Amino acid sequence: MSPVVRLRGARRAPAAAPKPDTREILAWEDDPMSGAEPVKRPAPAPVPANLALTILAKAPPLASHRPGTEAFRYWTGIEALSRGIALWAPHLAGRGWAATKRLRVHLDRGQDLNAYYDRASLSFFHDVAGGRTIYSGESPDVVTHELGHAILDALRPELWDVMSTEAAAFHESFGDLSALLCGLELPSLRSAVLRETEGHLFRSSRLSRLAESLGWAIRQRRPDLVAPDALRNAANAFFYRPPSALPPSGPDAQLTSEPHSFSRVFTGGAFEAMGLMLAGAARRPGEKHLLAVARDFAALLVRAVQHAAIVPTYFSEVAAQMIEADRLLLRGRHGAALRTAFVRRGLLSLESATARPRTVRRRTPQRAAAREAGIRGHEIAAATVPLPLIRLAGASLGLGRRVIGVRTAGSAPGLAARAAALSTGDARSARPDDAAHAFVEYLVRRGRVDFGSHAESARAAVHPRTRKTHRVTQQAGRLTLVRRCFDCGLDPA
Ligand SMILES: [Zn+2]
């Protein structure tokens, strides 16, 4: 068994300032297939104690190793994690992981085209495709996407179990935005992207192309399922549709209610907003402007997810809260850019985008519940307020006469932000119960639920070869549907 190597937190550092480690490593900036060579990077910095990691692999010597070796893959994975944690840690204000003190990291957990976050670990895999072995833990894009799931879970743990397409898709979008923002922490990548896009960030580039190597590997088996040049491309043209109007699966070019597919609406709008923010920062933006915009964007995104009510139209809610965060934190510096991009994508209807400041809408059911629980003021947004639990009939799920409990989003308050309809005005917003029912049915149709011993095997659609993101469990004598992981791979089925 390989010894456990721990990245220790600052708590154990000696009282005197530690000497900086001047050794260097070689690492990818974004992805092994982005078309660039590895770059020299300083030794990965220790992570803070509240975000401690346990790396389940033997650490090779800290040095510049040759690409293609296990030692290179180890340090490029650790460098990406360390860079990502350095980006997000200041926004967590000492908060730790959602469900563990030390998040375990499996840089290569076995053979699979996959990567996942399951609250206990970040897990990465390897597999052979097209005669080439692809390691998901070698791609900083994939590593910082998975880390994004863990960071968002630390910020808003209620999103974990809620049965809502938009909440699940937002988790994927946050992961992709985490990959983009972690890439933009590197001066070399910022300069390269500005050269490639001629300063127009919202163009397809090695920044917008996410997880090229994992996308390439999946394309060898199922070219219809991924973008032609990446796993997903943030420079996309999707316009918002209510998830209930979308099919549960489809080829990459089509928007579906599958969370990775649907996430592209928010990611595209957010990336377009970032491009407009940069255009507003300077006529000929340099890498310093790009860094400032990326950091502003990260701050607005974090404040927005902390304050956004978890409602069925969660994309619009976060979009509106980003505009509000900009007004409060940055005096509206990026208001026009955010509004323009969110309206162009239908993430906000024209009416919602031009509505009065959002501080008027404080009375959401979650906030009311928080007040009742004695949680006040600023803490309300950060508090874990239980979302409604409803019971669904289990018959159509193969559970016989039993009922199953699921967490739903809260009801949207009267002044809630609305997405746009295709023609004019607001898109219709689903009721939380209907949105939950639709998401549960999506999960069961696509074989994402592990029923354990609870299903009547003769009646249930159990899909033995698909990955399970959810499971049926017994809680206080009642069946409940809970999340198992956020999974980002290709179904072997
Ligand atoms: Zn993901």
# chains A, B, ... in the order shown; residues from 1 in each chain; ligands from 1

call {"tool": "residues_near_ligand", "arguments": {"ligand": "ligand 1", "cutoff": "12 Å", "atoms": "only C-alpha atoms and all ligand atoms", "output": "VMD selection string"}}
result
chain A and resid 114 to 118 122 to 124 141 to 153 168 to 179 210 to 211 231 to 232 258 to 261 263 to 264 469 485 to 490

call {"tool": "closest_atom_pairs", "arguments": {"of": "range 164-283 of chain A", "to": "range 18-38 of chain A", "cutoff": "10 Å", "atoms": "only C-alpha atoms", "output": "CSV"}}
result
residue,atom,partner,partner_atom,distance
A:Ala179,CA,A:Asp30,CA,8.1
A:Leu180,CA,A:Asp30,CA,8.7
A:Cys182,CA,A:Asp30,CA,8.7
A:Gly183,CA,A:Asp30,CA,6.1
A:Leu184,CA,A:Glu29,CA,9.5
A:Glu185,CA,A:Glu29,CA,9.7
A:Leu186,CA,A:Glu29,CA,7.4
A:Ser188,CA,A:Glu29,CA,8.4
A:Leu189,CA,A:Glu29,CA,6.9
A:Ala192,CA,A:Ala36,CA,9.6
A:Ser205,CA,A:Ser34,CA,9.1
A:Arg206,CA,A:Ser34,CA,5.8
A:Leu207,CA,A:Asp30,CA,7.7
A:Arg209,CA,A:Ser34,CA,8.0
A:Leu210,CA,A:Asp31,CA,8.0
A:Ala211,CA,A:Asp31,CA,6.1
A:Glu212,CA,A:Met33,CA,5.6
A:Ser213,CA,A:Met33,CA,5.3
A:Leu214,CA,A:Met33,CA,9.0
A:Gly215,CA,A:Met33,CA,9.7
A:Trp216,CA,A:Met33,CA,8.5
A:Asp229,CA,A:Ser34,CA,9.6
A:Ala230,CA,A:Ser34,CA,9.0

call {"tool": "write_last_selection", "arguments": {"atoms": "C-alpha atoms", "output": "PDB file, in the first residue's frame"}}
result
ATOM      1  CA  ALA A 179     -11.519  25.795 -14.381  1.00  0.00           C
ATOM      2  CA  LEU A 180     -11.613  29.057 -16.381  1.00  0.00           C
ATOM      3  CA  CYS A 182      -8.019  28.942 -12.127  1.00  0.00           C
ATOM      4  CA  GLY A 183      -6.482  29.081 -15.617  1.00  0.00           C
ATOM      5  CA  LEU A 184      -6.619  32.877 -15.529  1.00  0.00           C
ATOM      6  CA  GLU A 185      -4.513  32.881 -12.344  1.00  0.00           C
ATOM      7  CA  LEU A 186      -1.517  32.106 -14.591  1.00  0.00           C
ATOM      8  CA  SER A 188       1.420  32.987 -19.050  1.00  0.00           C
ATOM      9  CA  LEU A 189      -2.066  31.698 -19.876  1.00  0.00           C
ATOM     10  CA  ALA A 192      -1.518  33.499 -24.451  1.00  0.00           C
ATOM     11  CA  SER A 205      -9.639  29.674 -27.393  1.00  0.00           C
ATOM     12  CA  ARG A 206      -7.660  27.312 -25.243  1.00  0.00           C
ATOM     13  CA  LEU A 207      -9.319  29.079 -22.293  1.00  0.00           C
ATOM     14  CA  ARG A 209     -12.128  24.903 -24.559  1.00  0.00           C
ATOM     15  CA  LEU A 210     -12.477  22.880 -21.390  1.00  0.00           C
ATOM     16  CA  ALA A 211     -10.908  19.477 -20.731  1.00  0.00           C
ATOM     17  CA  GLU A 212      -9.687  18.854 -24.284  1.00  0.00           C
ATOM     18  CA  SER A 213      -8.038  15.527 -23.401  1.00  0.00           C
ATOM     19  CA  LEU A 214     -11.073  13.991 -21.673  1.00  0.00           C
ATOM     20  CA  GLY A 215     -13.233  15.299 -24.532  1.00  0.00           C
ATOM     21  CA  TRP A 216     -10.853  13.731 -27.063  1.00  0.00           C
ATOM     22  CA  ASP A 229     -12.697  20.425 -29.860  1.00  0.00           C
ATOM     23  CA  ALA A 230     -13.125  19.906 -26.102  1.00  0.00           C
TER      24      ALA A 230
END

call {"tool": "select_by_dssp", "arguments": {"residues": "range 203-353 of chain A", "states": "helix (DSSP H, G or I)", "output": "PyMOL selection string"}}
result
chain A and resi 212-221+223-225+243-245+259-281+287-307+314-330+335-344+350-353

call {"tool": "select_by_dssp", "arguments": {"residues": "range 101-289 of chain A", "states": "strand (DSSP E or B)", "output": "list in words"}}
result
Arg102, Leu103, Arg104, Val105, His106, Gln111, Ala115, Tyr116, Tyr117, Ser121, Leu122, Ser123, Phe124, His126, Asp127, Val128, Ala129, Arg132, Thr133, Ile134, Tyr135, Arg209, Leu210, Arg232 and Asn233 of chain A

call {"tool": "atom_distance", "arguments": {"atom1": "CA of Ala435 in chain A", "atom2": "CA of Gly394 in chain A"}}
result
16.7 Å

call {"tool": "closest_residue", "arguments": {"among": "A:Leu62, A:Ala393, A:Val128, A:Leu53", "to": "Arg41 in chain A", "atoms": "only C-alpha atoms"}}
result
A:Leu62

call {"tool": "residues_around", "arguments": {"residues": "Ser82 in chain A", "least_positions_apart": "3", "cutoff": "6 Å", "atoms": "only C-alpha atoms", "output": "PyMOL selection string"}}
result
chain A and resi 44+79+85

call {"tool": "residues_around", "arguments": {"residues": "Glu287 in chain A", "least_positions_apart": "4", "cutoff": "7 Å", "atoms": "only C-alpha atoms", "output": "count of residues only"}}
result
4

call {"tool": "residues_around", "arguments": {"residues": "range 99-102 of chain A", "least_positions_apart": "6", "cutoff": "12 Å", "atoms": "only C-alpha atoms", "output": "NGL selection string"}}
result
:A and (6-9 or 47-56 or 117-122 or 150-151 or 153-158 or 160)

call {"tool": "write_last_selection", "arguments": {"atoms": "N, CA and C atoms", "output": "PDB file, in the first residue's frame"}}
result
ATOM      1  N   ARG A   6       0.411  13.866   3.090  1.00  0.00           N
ATOM      2  CA  ARG A   6      -0.560  14.891   3.435  1.00  0.00           C
ATOM      3  C   ARG A   6      -0.028  16.266   3.068  1.00  0.00           C
ATOM      4  N   LEU A   7      -0.903  17.047   2.455  1.00  0.00           N
ATOM      5  CA  LEU A   7      -0.578  18.461   2.283  1.00  0.00           C
ATOM      6  C   LEU A   7      -1.069  19.137   3.550  1.00  0.00           C
ATOM      7  N   ARG A   8      -0.151  19.560   4.369  1.00  0.00           N
ATOM      8  CA  ARG A   8      -0.566  20.044   5.677  1.00  0.00           C
ATOM      9  C   ARG A   8      -0.956  21.513   5.631  1.00  0.00           C
ATOM     10  N   GLY A   9      -1.816  21.895   6.545  1.00  0.00           N
ATOM     11  CA  GLY A   9      -2.314  23.260   6.591  1.00  0.00           C
ATOM     12  C   GLY A   9      -1.358  24.184   7.320  1.00  0.00           C
ATOM     13  N   VAL A  47      -1.838  24.138   1.509  1.00  0.00           N
ATOM     14  CA  VAL A  47      -3.218  24.629   1.532  1.00  0.00           C
ATOM     15  C   VAL A  47      -3.584  25.031   2.961  1.00  0.00           C
ATOM     16  N   PRO A  48      -4.546  25.956   3.143  1.00  0.00           N
ATOM     17  CA  PRO A  48      -4.925  26.355   4.508  1.00  0.00           C
ATOM     18  C   PRO A  48      -5.592  25.205   5.253  1.00  0.00           C
ATOM     19  N   ALA A  49      -5.533  25.278   6.579  1.00  0.00           N
ATOM     20  CA  ALA A  49      -6.007  24.158   7.414  1.00  0.00           C
ATOM     21  C   ALA A  49      -7.483  23.856   7.194  1.00  0.00           C
ATOM     22  N   ASN A  50      -8.291  24.897   6.906  1.00  0.00           N
ATOM     23  CA  ASN A  50      -9.728  24.641   6.747  1.00  0.00           C
ATOM     24  C   ASN A  50     -10.042  23.914   5.443  1.00  0.00           C
ATOM     25  N   LEU A  51      -9.069  23.863   4.531  1.00  0.00           N
ATOM     26  CA  LEU A  51      -9.290  23.177   3.251  1.00  0.00           C
ATOM     27  C   LEU A  51      -8.215  22.086   3.068  1.00  0.00           C
ATOM     28  N   ALA A  52      -7.979  21.323   4.147  1.00  0.00           N
ATOM     29  CA  ALA A  52      -6.905  20.325   4.124  1.00  0.00           C
ATOM     30  C   ALA A  52      -7.222  19.196   3.157  1.00  0.00           C
ATOM     31  N   LEU A  53      -6.156  18.654   2.563  1.00  0.00           N
ATOM     32  CA  LEU A  53      -6.281  17.552   1.617  1.00  0.00           C
ATOM     33  C   LEU A  53      -5.450  16.376   2.099  1.00  0.00           C
ATOM     34  N   THR A  54      -5.891  15.175   1.782  1.00  0.00           N
ATOM     35  CA  THR A  54      -5.055  13.990   1.940  1.00  0.00           C
ATOM     36  C   THR A  54      -4.841  13.400   0.551  1.00  0.00           C
ATOM     37  N   ILE A  55      -3.599  13.450   0.092  1.00  0.00           N
ATOM     38  CA  ILE A  55      -3.300  12.949  -1.247  1.00  0.00           C
ATOM     39  C   ILE A  55      -2.959  11.463  -1.134  1.00  0.00           C
ATOM     40  N   LEU A  56      -3.737  10.616  -1.783  1.00  0.00           N
ATOM     41  CA  LEU A  56      -3.537   9.177  -1.636  1.00  0.00           C
ATOM     42  C   LEU A  56      -2.597   8.660  -2.714  1.00  0.00           C
ATOM     43  N   TYR A 117     -16.661  14.064  -7.726  1.00  0.00           N
ATOM     44  CA  TYR A 117     -16.587  14.596  -6.355  1.00  0.00           C
ATOM     45  C   TYR A 117     -17.726  13.973  -5.574  1.00  0.00           C
ATOM     46  N   ASP A 118     -17.420  13.358  -4.439  1.00  0.00           N
ATOM     47  CA  ASP A 118     -18.483  12.670  -3.684  1.00  0.00           C
ATOM     48  C   ASP A 118     -18.527  13.095  -2.208  1.00  0.00           C
ATOM     49  N   ARG A 119     -18.042  14.247  -1.884  1.00  0.00           N
ATOM     50  CA  ARG A 119     -18.027  14.822  -0.534  1.00  0.00           C
ATOM     51  C   ARG A 119     -16.903  14.264   0.331  1.00  0.00           C
ATOM     52  N   ALA A 120     -16.468  13.019   0.084  1.00  0.00           N
ATOM     53  CA  ALA A 120     -15.324  12.482   0.818  1.00  0.00           C
ATOM     54  C   ALA A 120     -14.051  12.689   0.016  1.00  0.00           C
ATOM     55  N   SER A 121     -14.177  12.701  -1.313  1.00  0.00           N
ATOM     56  CA  SER A 121     -12.972  12.717  -2.152  1.00  0.00           C
ATOM     57  C   SER A 121     -13.204  13.439  -3.466  1.00  0.00           C
ATOM     58  N   LEU A 122     -12.059  13.784  -4.081  1.00  0.00           N
ATOM     59  CA  LEU A 122     -12.001  14.089  -5.513  1.00  0.00           C
ATOM     60  C   LEU A 122     -11.324  12.878  -6.130  1.00  0.00           C
ATOM     61  N   ALA A 150     -16.493  20.922  -5.043  1.00  0.00           N
ATOM     62  CA  ALA A 150     -16.242  20.879  -3.594  1.00  0.00           C
ATOM     63  C   ALA A 150     -16.336  22.276  -2.978  1.00  0.00           C
ATOM     64  N   ILE A 151     -15.865  23.290  -3.718  1.00  0.00           N
ATOM     65  CA  ILE A 151     -15.919  24.669  -3.203  1.00  0.00           C
ATOM     66  C   ILE A 151     -17.377  25.138  -3.122  1.00  0.00           C
ATOM     67  N   ASP A 153     -19.955  23.288  -2.859  1.00  0.00           N
ATOM     68  CA  ASP A 153     -20.602  22.508  -1.796  1.00  0.00           C
ATOM     69  C   ASP A 153     -20.284  23.113  -0.426  1.00  0.00           C
ATOM     70  N   ALA A 154     -19.057  23.617  -0.265  1.00  0.00           N
ATOM     71  CA  ALA A 154     -18.698  24.270   0.999  1.00  0.00           C
ATOM     72  C   ALA A 154     -19.506  25.564   1.168  1.00  0.00           C
ATOM     73  N   LEU A 155     -19.727  26.277   0.052  1.00  0.00           N
ATOM     74  CA  LEU A 155     -20.455  27.555   0.126  1.00  0.00           C
ATOM     75  C   LEU A 155     -21.952  27.353   0.305  1.00  0.00           C
ATOM     76  N   ARG A 156     -22.553  26.400  -0.435  1.00  0.00           N
ATOM     77  CA  ARG A 156     -23.997  26.176  -0.394  1.00  0.00           C
ATOM     78  C   ARG A 156     -24.297  24.673  -0.336  1.00  0.00           C
ATOM     79  N   PRO A 157     -24.123  24.050   0.841  1.00  0.00           N
ATOM     80  CA  PRO A 157     -24.341  22.599   0.926  1.00  0.00           C
ATOM     81  C   PRO A 157     -25.763  22.167   0.599  1.00  0.00           C
ATOM     82  N   GLU A 158     -26.726  23.103   0.677  1.00  0.00           N
ATOM     83  CA  GLU A 158     -28.125  22.720   0.367  1.00  0.00           C
ATOM     84  C   GLU A 158     -28.296  22.309  -1.090  1.00  0.00           C
ATOM     85  N   TRP A 160     -26.621  20.266  -2.690  1.00  0.00           N
ATOM     86  CA  TRP A 160     -26.207  18.873  -2.886  1.00  0.00           C
ATOM     87  C   TRP A 160     -27.394  17.948  -3.175  1.00  0.00           C
TER      88      TRP A 160
END

call {"tool": "closest_residue", "arguments": {"among": "A:Asp434, A:Leu278, A:Val440, A:Glu456", "to": "Leu290 in chain A", "atoms": "only C-alpha atoms"}}
result
A:Leu278

call {"tool": "residues_around", "arguments": {"residues": "Thr354 in chain A", "least_positions_apart": "3", "cutoff": "12 Å", "atoms": "only C-alpha atoms", "output": "PyMOL selection string"}}
result
chain A and resi 320+323-324+335-336+338-340+342-343+348-351+357-358+417-418

call {"tool": "write_last_selection", "arguments": {"atoms": "C-alpha atoms", "output": "JSON list (two decimals), in the first residue's frame"}}
result
[["chain", "number", "residue", "atom", "x", "y", "z"],
["A", 320, "ALA", "CA", -29.66, 38.71, -10.77],
["A", 323, "ILE", "CA", -25.72, 42.18, -10.78],
["A", 324, "GLU", "CA", -26.71, 43.04, -7.21],
["A", 335, "GLY", "CA", -23.44, 46.19, -14.28],
["A", 336, "ALA", "CA", -23.87, 46.91, -17.99],
["A", 338, "LEU", "CA", -23.51, 41.52, -16.73],
["A", 339, "ARG", "CA", -26.97, 42.72, -17.73],
["A", 340, "THR", "CA", -26.12, 42.65, -21.44],
["A", 342, "PHE", "CA", -27.50, 37.69, -19.17],
["A", 343, "VAL", "CA", -30.19, 39.26, -21.36],
["A", 348, "LEU", "CA", -32.78, 37.26, -17.37],
["A", 349, "SER", "CA", -35.86, 38.60, -19.09],
["A", 350, "LEU", "CA", -35.67, 42.25, -20.09],
["A", 351, "GLU", "CA", -38.05, 43.10, -17.28],
["A", 357, "PRO", "CA", -32.20, 46.80, -7.05],
["A", 358, "ARG", "CA", -32.65, 43.35, -5.58],
["A", 417, "ALA", "CA", -35.80, 37.12, -11.22],
["A", 418, "ARG", "CA", -37.24, 35.56, -14.36]]

call {"tool": "closest_residue", "arguments": {"among": "A:Asp296, A:Glu166, A:Glu317, A:Glu196", "to": "Ser244 in chain A", "atoms": "only C-alpha atoms"}}
result
A:Glu166

call {"tool": "residues_around", "arguments": {"residues": "range 470-482 of chain A", "least_positions_apart": "5", "cutoff": "7 Å", "atoms": "only C-alpha atoms", "output": "PyMOL selection string"}}
result
chain A and resi 161+403-406+448-452

call {"tool": "closest_residue", "arguments": {"among": "A:Thr408, A:Leu399, A:Thr466, A:Arg295", "to": "Pro90 in chain A", "atoms": "only C-alpha atoms"}}
result
A:Arg295

call {"tool": "atom_distance", "arguments": {"atom1": "CA of Pro386 in chain A", "atom2": "CA of Arg431 in chain A"}}
result
17.7 Å

call {"tool": "closest_residue", "arguments": {"among": "A:Gly84, A:Gly410, A:Gly275, A:Gly137", "to": "Pro312 in chain A", "atoms": "only C-alpha atoms"}}
result
A:Gly410
